[in-house]
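query-v2.cif, holding mmCIF, C-alpha atoms and all ligand atoms:
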data_data
loop_
_atom_site.label_atom_id
_atom_site.label_comp_id
_atom_site.auth_asym_id
_atom_site.auth_seq_id
_atom_site.Cartn_x
_atom_site.Cartn_y
_atom_site.Cartn_z
CA MET A 147 9.05 -44.66 -24.19
CA GLU A 148 9.69 -43.14 -20.79
CA GLY A 149 10.93 -45.64 -18.20
CA ARG A 150 9.60 -46.05 -14.65
CA ALA A 151 12.49 -44.01 -13.21
CA GLY A 152 11.64 -41.16 -15.58
CA VAL A 153 7.99 -41.22 -14.55
CA ILE A 154 8.94 -41.10 -10.87
CA PHE A 155 11.43 -38.26 -11.52
CA ARG A 156 8.74 -36.23 -13.31
CA ALA A 157 6.24 -36.87 -10.51
CA VAL A 158 8.72 -35.70 -7.87
CA LEU A 159 9.52 -32.57 -9.89
CA ALA A 160 5.82 -31.80 -10.35
CA ALA A 161 5.19 -32.25 -6.63
CA LEU A 162 8.07 -29.95 -5.78
CA PHE A 163 6.90 -27.19 -8.12
CA MET A 164 3.35 -27.43 -6.77
CA SER A 165 4.57 -27.25 -3.19
CA PRO A 166 4.03 -24.06 -1.22
CA ILE A 167 7.78 -23.91 -0.61
CA LEU A 168 8.72 -23.45 -4.26
CA ALA A 169 5.51 -21.65 -5.14
CA SER A 170 6.37 -18.85 -2.73
CA PRO A 171 10.08 -18.98 -1.98
CA VAL A 172 10.98 -17.56 1.40
CA GLN A 173 13.70 -15.40 -0.16
CA ALA A 174 11.57 -13.77 -2.87
CA GLN A 175 10.58 -10.18 -2.17
CA ILE A 176 6.98 -9.36 -2.98
CA VAL A 177 6.43 -6.27 -5.13
CA ILE A 178 3.58 -4.12 -3.86
CA ALA A 179 2.32 -1.47 -6.27
CA HIS A 180 2.13 1.60 -4.03
CA ARG A 181 -1.17 3.33 -4.83
CA GLY A 182 -0.96 1.39 -8.14
CA ALA A 183 1.78 2.09 -10.67
CA SER A 184 1.63 5.64 -9.34
CA GLY A 185 4.91 6.64 -10.98
CA GLU A 186 3.16 6.36 -14.33
CA ARG A 187 -0.52 7.11 -13.70
CA PRO A 188 -2.40 9.31 -11.19
CA GLU A 189 -2.39 7.37 -7.92
CA HIS A 190 -5.31 5.27 -6.69
CA THR A 191 -7.07 5.10 -10.04
CA LEU A 192 -8.18 1.88 -11.68
CA ALA A 193 -5.76 2.76 -14.49
CA ALA A 194 -2.85 2.87 -12.00
CA TYR A 195 -3.81 -0.51 -10.51
CA ASP A 196 -4.42 -2.03 -13.95
CA LEU A 197 -1.00 -0.96 -15.20
CA ALA A 198 0.70 -2.27 -12.05
CA ILE A 199 -0.91 -5.67 -12.56
CA ASP A 200 0.12 -5.71 -16.22
CA GLN A 201 3.67 -4.90 -15.14
CA GLY A 202 3.67 -7.96 -12.89
CA ALA A 203 3.16 -6.53 -9.40
CA ASP A 204 2.35 -9.21 -6.84
CA TYR A 205 0.05 -6.94 -4.82
CA ILE A 206 -1.73 -3.65 -5.42
CA GLU A 207 -2.18 -1.20 -2.58
CA PRO A 208 -5.42 0.70 -2.08
CA ASP A 209 -5.31 3.24 0.76
CA LEU A 210 -8.89 3.55 2.01
CA VAL A 211 -11.09 6.34 3.36
CA MET A 212 -14.85 6.61 3.90
CA THR A 213 -17.59 8.51 2.12
CA LYS A 214 -20.45 10.27 3.93
CA ASP A 215 -22.66 7.27 3.16
CA GLY A 216 -20.16 4.76 4.51
CA VAL A 217 -18.46 3.42 1.38
CA LEU A 218 -14.73 2.63 1.35
CA VAL A 219 -12.98 4.42 -1.51
CA ALA A 220 -9.35 4.52 -2.58
CA ARG A 221 -7.57 7.74 -1.63
CA HIS A 222 -4.38 8.33 0.29
CA GLU A 223 -6.06 10.79 2.62
CA ASN A 224 -9.57 11.98 3.31
CA GLU A 225 -8.64 15.52 2.17
CA ILE A 226 -8.94 15.24 -1.60
CA SER A 227 -7.87 18.56 -3.11
CA GLY A 228 -4.38 17.21 -3.91
CA THR A 229 -5.57 14.27 -5.99
CA THR A 230 -8.90 15.34 -7.51
CA ASP A 231 -10.43 18.35 -9.28
CA VAL A 232 -12.69 19.13 -6.31
CA ALA A 233 -11.20 22.61 -5.77
CA SER A 234 -12.29 23.69 -9.26
CA ARG A 235 -15.87 22.44 -8.88
CA ALA A 236 -18.20 25.36 -8.12
CA GLU A 237 -20.97 23.10 -6.83
CA PHE A 238 -18.70 21.90 -4.01
CA ALA A 239 -17.14 25.26 -3.08
CA ASP A 240 -19.15 25.40 0.16
CA ARG A 241 -17.79 22.03 1.30
CA ARG A 242 -14.35 23.54 1.85
CA THR A 243 -13.74 23.49 5.56
CA THR A 244 -11.13 23.27 8.29
CA LYS A 245 -11.05 20.41 10.77
CA PRO A 246 -8.58 18.52 12.94
CA ILE A 247 -7.27 15.32 11.36
CA ASP A 248 -4.99 13.20 13.52
CA GLY A 249 -4.14 16.20 15.70
CA GLN A 250 -3.50 18.69 12.88
CA GLU A 251 -5.78 21.43 11.56
CA LEU A 252 -6.38 20.80 7.85
CA THR A 253 -8.26 22.93 5.34
CA GLY A 254 -9.81 21.41 2.23
CA TRP A 255 -12.48 19.02 1.05
CA PHE A 256 -13.00 15.76 2.94
CA THR A 257 -14.42 12.46 1.72
CA GLU A 258 -16.67 12.11 4.76
CA ASP A 259 -18.53 15.23 3.56
CA PHE A 260 -19.34 13.71 0.15
CA THR A 261 -21.71 10.92 -0.77
CA LEU A 262 -20.39 8.26 -3.09
CA ALA A 263 -22.53 9.70 -5.89
CA GLU A 264 -20.91 13.10 -5.38
CA LEU A 265 -17.41 11.62 -5.22
CA ARG A 266 -18.05 9.74 -8.44
CA SER A 267 -18.50 13.08 -10.20
CA LEU A 268 -14.91 14.09 -9.34
CA ARG A 269 -11.92 13.40 -11.58
CA ALA A 270 -8.52 12.23 -10.38
CA ARG A 271 -5.41 14.37 -10.87
CA GLU A 272 -1.68 13.76 -10.56
CA ARG A 273 -0.46 14.58 -7.03
CA MET A 274 3.07 15.61 -8.09
CA PRO A 275 2.76 17.38 -11.46
CA GLU A 276 6.24 18.93 -11.26
CA MET A 277 7.86 15.62 -10.45
CA ARG A 278 5.74 13.56 -12.85
CA PRO A 279 4.61 15.87 -15.69
CA ALA A 280 3.87 12.94 -18.02
CA ASN A 281 1.15 11.77 -15.63
CA THR A 282 -0.76 15.03 -16.00
CA ALA A 283 -1.80 13.83 -19.47
CA TYR A 284 -4.21 11.56 -17.57
CA ASP A 285 -5.71 14.30 -15.40
CA GLY A 286 -9.48 14.25 -15.66
CA GLN A 287 -9.65 10.81 -17.27
CA PHE A 288 -10.35 8.64 -14.24
CA GLY A 289 -12.65 8.67 -11.22
CA VAL A 290 -12.21 7.76 -7.55
CA PRO A 291 -12.68 3.98 -7.31
CA THR A 292 -14.49 2.18 -4.52
CA LEU A 293 -12.85 -0.79 -2.79
CA GLY A 294 -15.48 -2.93 -4.51
CA GLU A 295 -14.30 -1.69 -7.91
CA VAL A 296 -10.68 -2.39 -7.01
CA ILE A 297 -11.55 -5.94 -5.98
CA ALA A 298 -13.56 -6.40 -9.19
CA LEU A 299 -10.55 -5.28 -11.21
CA VAL A 300 -8.32 -7.80 -9.41
CA LYS A 301 -10.79 -10.62 -10.07
CA ALA A 302 -11.09 -9.64 -13.75
CA LYS A 303 -7.31 -9.48 -14.17
CA GLU A 304 -6.91 -12.83 -12.43
CA ALA A 305 -9.37 -14.34 -14.90
CA GLU A 306 -7.58 -12.68 -17.80
CA THR A 307 -4.02 -13.62 -16.79
CA GLY A 308 -4.48 -16.82 -14.80
CA ARG A 309 -2.24 -15.21 -12.18
CA ARG A 310 -3.11 -14.62 -8.51
CA ILE A 311 -3.00 -10.93 -7.66
CA GLY A 312 -2.85 -9.74 -4.09
CA LEU A 313 -4.57 -6.89 -2.28
CA TYR A 314 -2.75 -4.82 0.33
CA PRO A 315 -5.40 -2.42 1.74
CA GLU A 316 -4.53 0.29 4.27
CA ILE A 317 -7.19 1.85 6.44
CA LYS A 318 -6.44 5.58 6.67
CA HIS A 319 -7.38 7.68 9.72
CA PRO A 320 -9.49 4.93 11.38
CA ALA A 321 -9.65 6.79 14.73
CA HIS A 322 -10.90 9.92 12.97
CA PHE A 323 -13.58 7.96 11.13
CA GLN A 324 -14.50 6.05 14.28
CA ALA A 325 -15.19 9.37 16.01
CA LEU A 326 -17.58 10.13 13.15
CA GLY A 327 -19.36 6.82 13.74
CA PHE A 328 -17.72 4.75 10.98
CA ASP A 329 -16.21 1.31 11.53
CA MET A 330 -13.60 1.11 8.78
CA LEU A 331 -12.15 -2.20 9.89
CA GLY A 332 -15.56 -3.85 10.09
CA ALA A 333 -16.49 -2.54 6.65
CA LEU A 334 -13.19 -3.72 5.18
CA LEU A 335 -13.42 -7.22 6.66
CA GLN A 336 -17.02 -7.54 5.50
CA GLU A 337 -16.17 -6.53 1.94
CA LEU A 338 -13.13 -8.78 1.80
CA SER A 339 -15.05 -11.74 3.21
CA ALA A 340 -17.89 -11.22 0.72
CA ALA A 341 -15.28 -11.32 -2.05
CA GLY A 342 -13.86 -14.61 -0.73
CA TYR A 343 -10.90 -13.30 1.20
CA ASP A 344 -10.91 -14.62 4.76
CA ARG A 345 -8.21 -17.28 5.07
CA ARG A 346 -4.61 -16.81 6.09
CA GLU A 347 -3.35 -18.14 2.78
CA ASP A 348 -5.42 -15.64 0.79
CA PRO A 349 -3.25 -12.98 -0.89
CA VAL A 350 -4.24 -10.13 1.40
CA PHE A 351 -2.37 -8.02 3.95
CA ILE A 352 -4.26 -5.43 6.00
CA GLN A 353 -2.11 -2.49 7.11
CA SER A 354 -2.45 0.47 9.45
CA PHE A 355 -0.27 3.12 11.07
CA GLU A 356 -2.66 2.95 14.02
CA VAL A 357 -2.47 0.09 16.52
CA ALA A 358 -5.98 -0.44 17.87
CA PRO A 359 -7.56 -1.56 14.58
CA LEU A 360 -4.91 -4.26 14.13
CA ILE A 361 -5.29 -5.52 17.70
CA ARG A 362 -9.03 -5.58 17.19
CA ALA A 363 -8.66 -7.36 13.85
CA ARG A 364 -6.52 -10.20 15.17
CA PRO A 365 -9.34 -12.34 16.63
CA LEU A 366 -11.72 -11.33 13.82
CA THR A 367 -9.76 -12.54 10.78
CA GLU A 368 -7.12 -14.98 9.62
CA LEU A 369 -5.94 -12.48 7.02
CA ARG A 370 -2.41 -11.25 7.60
CA LEU A 371 -1.91 -7.95 9.40
CA VAL A 372 0.91 -5.43 9.06
CA GLN A 373 1.86 -2.70 11.51
CA LEU A 374 3.11 0.34 9.61
CA ILE A 375 6.06 2.19 11.14
CA ALA A 376 7.01 5.77 10.29
CA ALA A 377 10.52 7.13 10.75
CA GLN A 378 9.27 9.78 13.19
CA GLY A 379 6.40 10.23 15.63
CA GLY A 380 4.06 7.58 16.83
CA PRO A 381 0.62 6.07 16.26
CA VAL A 382 -2.09 8.71 16.69
CA ASP A 383 -4.21 6.28 18.69
CA VAL A 384 -1.53 5.58 21.34
CA GLU A 385 -0.97 8.52 23.65
CA GLY A 386 2.75 9.15 23.93
CA GLY A 387 3.41 6.24 21.58
CA SER A 388 6.63 6.19 19.57
CA TYR A 389 7.45 4.22 16.43
CA ARG A 390 11.12 4.19 17.51
CA GLN A 391 10.08 2.38 20.69
CA MET A 392 7.92 0.02 18.67
CA ILE A 393 10.96 -1.22 16.73
CA THR A 394 13.02 -2.07 19.78
CA VAL A 395 13.33 -5.77 20.51
CA ALA A 396 10.59 -5.44 23.16
CA GLY A 397 8.41 -3.41 20.83
CA LEU A 398 8.72 -5.89 17.98
CA SER A 399 7.88 -8.72 20.32
CA ARG A 400 4.71 -6.84 21.30
CA ILE A 401 3.77 -6.25 17.62
CA ALA A 402 4.21 -9.97 16.98
CA THR A 403 1.33 -10.67 19.39
CA TYR A 404 -1.16 -9.14 16.92
CA ALA A 405 0.52 -8.70 13.53
CA ASP A 406 2.32 -10.82 10.97
CA GLY A 407 4.65 -8.15 9.73
CA ILE A 408 5.86 -4.59 9.90
CA GLY A 409 5.83 -1.99 7.15
CA PRO A 410 8.63 0.44 8.00
CA ASP A 411 9.88 3.54 6.19
CA LEU A 412 12.81 2.16 4.19
CA ARG A 413 15.13 4.64 5.94
CA LEU A 414 14.72 2.50 9.05
CA VAL A 415 16.10 -0.53 7.16
CA ILE A 416 19.07 1.03 5.36
CA GLY A 417 21.03 3.90 6.84
CA PRO A 418 22.21 7.09 5.08
CA ASP A 419 25.38 5.25 4.03
CA GLY A 420 23.34 2.49 2.37
CA ALA A 421 24.28 -0.09 4.97
CA PRO A 422 21.55 -2.22 6.55
CA THR A 423 20.37 -1.45 10.06
CA GLU A 424 19.55 -4.15 12.59
CA LEU A 425 15.80 -3.84 12.02
CA VAL A 426 15.20 -6.64 9.51
CA GLY A 427 17.12 -9.19 11.58
CA GLN A 428 15.36 -8.18 14.76
CA ALA A 429 11.94 -8.26 13.11
CA HIS A 430 12.62 -11.68 11.64
CA ALA A 431 13.76 -12.90 15.05
CA ALA A 432 10.36 -11.79 16.39
CA GLY A 433 8.65 -13.74 13.61
CA LEU A 434 7.64 -10.64 11.63
CA ALA A 435 7.92 -10.12 7.87
CA VAL A 436 9.30 -6.76 6.70
CA HIS A 437 7.71 -4.85 3.81
CA VAL A 438 9.34 -1.45 3.35
CA TRP A 439 8.09 1.78 1.72
CA THR A 440 8.47 3.58 -0.59
CA LEU A 441 10.86 2.82 -3.46
CA ARG A 442 10.63 5.49 -6.19
CA ARG A 443 12.83 6.04 -9.21
CA GLU A 444 13.11 9.83 -9.17
CA ASN A 445 16.37 11.31 -7.83
CA ALA A 446 14.42 13.21 -5.17
CA PHE A 447 13.57 9.94 -3.44
CA LEU A 448 16.97 8.27 -3.76
CA PRO A 449 20.16 8.70 -1.73
CA GLU A 450 22.70 11.06 -3.30
CA ASP A 451 25.07 8.37 -4.48
CA LEU A 452 22.29 6.72 -6.51
CA ARG A 453 21.10 9.91 -8.22
CA SER A 454 21.70 10.68 -11.87
CA GLY A 455 22.41 14.35 -12.59
CA GLU A 456 20.99 17.38 -10.78
CA ASP A 457 17.34 17.22 -11.86
CA LEU A 458 15.38 15.91 -8.88
CA ALA A 459 12.64 14.62 -11.21
CA ALA A 460 15.09 12.62 -13.33
CA THR A 461 15.36 8.86 -12.98
CA GLY A 462 18.09 7.60 -10.69
CA ASP A 463 19.41 4.15 -9.85
CA ILE A 464 16.28 2.54 -8.45
CA ALA A 465 17.78 -0.89 -9.14
CA GLY A 466 20.72 0.00 -6.93
CA GLN A 467 18.39 1.05 -4.12
CA PHE A 468 16.39 -2.16 -4.51
CA ALA A 469 19.63 -4.18 -4.32
CA ARG A 470 20.45 -2.51 -0.98
CA LEU A 471 17.00 -3.33 0.38
CA ARG A 472 17.21 -6.90 -0.87
CA ASP A 473 20.65 -7.31 0.69
CA ALA A 474 19.21 -5.99 3.96
CA GLY A 475 16.87 -9.00 3.89
CA ILE A 476 13.47 -7.42 3.27
CA ASP A 477 10.49 -9.60 2.39
CA GLY A 478 8.66 -7.06 0.27
CA VAL A 479 8.71 -3.53 -1.04
CA PHE A 480 6.11 -0.88 -1.79
CA THR A 481 7.03 0.90 -5.00
CA ASP A 482 5.58 3.54 -7.31
CA ASN A 483 7.50 1.84 -10.14
CA PRO A 484 6.70 -1.88 -10.14
CA ALA A 485 8.13 -2.43 -13.65
CA ASP A 486 11.53 -1.08 -12.62
CA VAL A 487 11.65 -3.16 -9.45
CA ILE A 488 10.56 -6.34 -11.24
CA ALA A 489 13.28 -5.71 -13.83
CA ALA A 490 15.78 -5.24 -11.00
CA LYS A 491 14.71 -8.51 -9.41
O1 LIG A 501 1.30 1.79 3.41
C1 LIG A 501 2.64 1.76 3.09
C2 LIG A 501 2.98 3.11 2.67
O2 LIG A 501 2.06 3.40 1.65
C3 LIG A 501 2.81 4.04 3.82
O3 LIG A 501 2.85 5.31 3.44
O4 LIG A 501 1.68 7.41 3.38
O5 LIG A 501 2.11 6.20 1.28
O6 LIG A 501 0.39 5.40 2.86
P1 LIG A 501 1.68 6.11 2.71
CA CA A 502 -0.32 3.26 2.14
#
Show me the file's structure as structure tokens.
Ligand code: G3P
Ligand code: CA
Amino acid sequence: MEGRAGVIFRAVLAALFMSPILASPVQAQIVIAHRGASGERPEHTLAAYDLAIDQGADYIEPDLVMTKDGVLVARHENEISGTTDVASRAEFADRRTTKPIDGQELTGWFTEDFTLAELRSLRARERMPEMRPANTAYDGQFGVPTLGEVIALVKAKEAETGRRIGLYPEIKHPAHFQALGFDMLGALLQELSAAGYDRREDPVFIQSFEVAPLIRARPLTELRLVQLIAAQGGPVDVEGGSYRQMITVAGLSRIATYADGIGPDLRLVIGPDGAPTELVGQAHAAGLAVHVWTLRRENAFLPEDLRSGEDLAATGDIAGQFARLRDAGIDGVFTDNPADVIAAK
């Protein structure tokens, strides 16, 4: 029979493993499935998210845009000819148009010109068929999911696996949609809240390249907020704004007044020689987590010394690139290849 000391030892162990400290170790990097497992399925489809969850991703990332009737759907941009079959659909030929998006003239088909019912009739396609020919086998098989359908998938997979699965939504072009009369942030918070996500400890991060929606969100939600940082340019909603300025010590301190983390291009975290920059340390000093993007296994997206052969579509040393990011001290990584990164961890 187990003695009293043994019982106490077991109780202490159980308490430790149930504690938030061991349940979410500070050093563990979260794996965020970038547009789903988009290295293996057409991006932003339920199939891509489903596979990412099966592979063990901690979070799935839906980028979000709006339909004409005000529904949030998962697409990387509101111009959808690169990821759907819209260009081949005769009934929508007259929707092709040119308009300014974030300061650039773009020609194509835009989600805000389609009702949800119309969008549902479209079929998703692989964005990079030359780079990912195997994914084209899935062209035409899946639709454009709504945020509600993505959340429903997460809940179903949580019930199936007993595992908590996080959501990492990004609102795309919020200033553009605001000018059209849509409140993307309000719609997102409402949908998340209705699904039970409204506390800080809930597994949700809300991200944006723009600044105003995050500042506006801060008093509206406890959910964690992430300021995205590109390697060039600046937020489209800040005149003269510069991402380079935003990652100075002063800039990071300013971000920390409204966000919980930054999501920088990984090239801002490790230099061309593979060595870490100062960014992670400076962000941590400001109290900000660092979730970098985007880790992909194809040679084209890896530094030369981690490539394998000459074929840019061939698989390189993604584990080596992850090791560099981990050694730089990151807290999380967006990846098109969650299985590879989890194996590397
Ligand atoms: O949101 C993180 C990362 O996805 C940012 O880049 O262009 O793929 O949304 P993008
Ligand atoms: Ca994104």
>> For a quick check of understanding, using only C-alpha atoms, which of A:Gly308, A:Pro208, A:Gly286, A:Gly249 has the smallest distance to Ser354 (chain A)?
In response: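 Residue with the minimum atom-to-atom distance to Ser354 (chain A): A:Pro208.
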>> Give me, as a list of chain:residue names, all polymer residues having an atom no more than 7 Å from Glu223 (chain A), counting only C-alpha atoms and skipping those fewer than 2 positions away in the same chain.
In response: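 The neighbour list is A:Val211, A:Arg221, A:Glu225, A:Ile226, A:Lys318.
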> Within 9 Å of Arg400 (chain A), counting all atoms listed in the file, which residues qualify if same-chain residues fewer than 5 places away don't, as a ChimeraX atom specification?
Replying inline: /A:392,395,432
> If we count all atoms listed in the file, what is near Arg370 (chain A) at a cut-off of 9 Å, once residues fewer than 5 positions away on the same chain are taken out, given as a count of residues only?
Replying inline: 13
> Which protein, DNA or RNA residues have an atom within 9 Å of ligand CA 502 (chain A), counting all atoms listed in the file, as a count of residues only?
Replying inline: 18
>> What does the structure give for the distance between CA of Arg390 (chain A) and CA of Gln378 (chain A), in Å to one decimal?
In response: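 Pair CA of Arg390 (chain A) / CA of Gln378 (chain A) returns 7.3 Å.
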> By how many Å are CA of Phe447 (chain A) and CA of Arg273 (chain A) apart?
Replying inline: 15.2 Å
> Mind pulling up the distance from CA of Ser267 (chain A) to CA of Ala333 (chain A)?
Replying inline: 23.1 Å
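Among the candidates A:Asp329, A:Asp196, A:Asp411, A:Asp486, the one nearest to ligand LIG 501 (chain A) when counting only C-alpha atoms and all ligand atoms is A:Asp411.
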> Which residue out of A:Val372, A:Val479, A:Ala340, A:Ala194 has the minimum interatomic distance to Ile176 (chain A) when all atoms listed in the file are used?
Replying inline: A:Val479
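Across A:His437, A:Arg242, A:Arg470, A:Arg310, the tightest approach to ligand LIG 501 (chain A) is made by A:His437 when counting only C-alpha atoms and all ligand atoms.
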>> So, with only C-alpha atoms as the atoms that count, which of A:Phe238, A:Lys303, A:Glu189, A:Leu360 lies closest to Met274 (chain A)?
In response: A:Glu189
Can you sort out the box for region 423-435 of chain A, edges along x, y and z, all listed atoms in, 4 Å on every side, with centre and edge lengths in Å to one decimal, as AutoDock Vina command-line options?
--center_x 14.0 --center_y -7.6 --center_z 12.1 --size_x 20.7 --size_y 20.3 --size_z 16.5
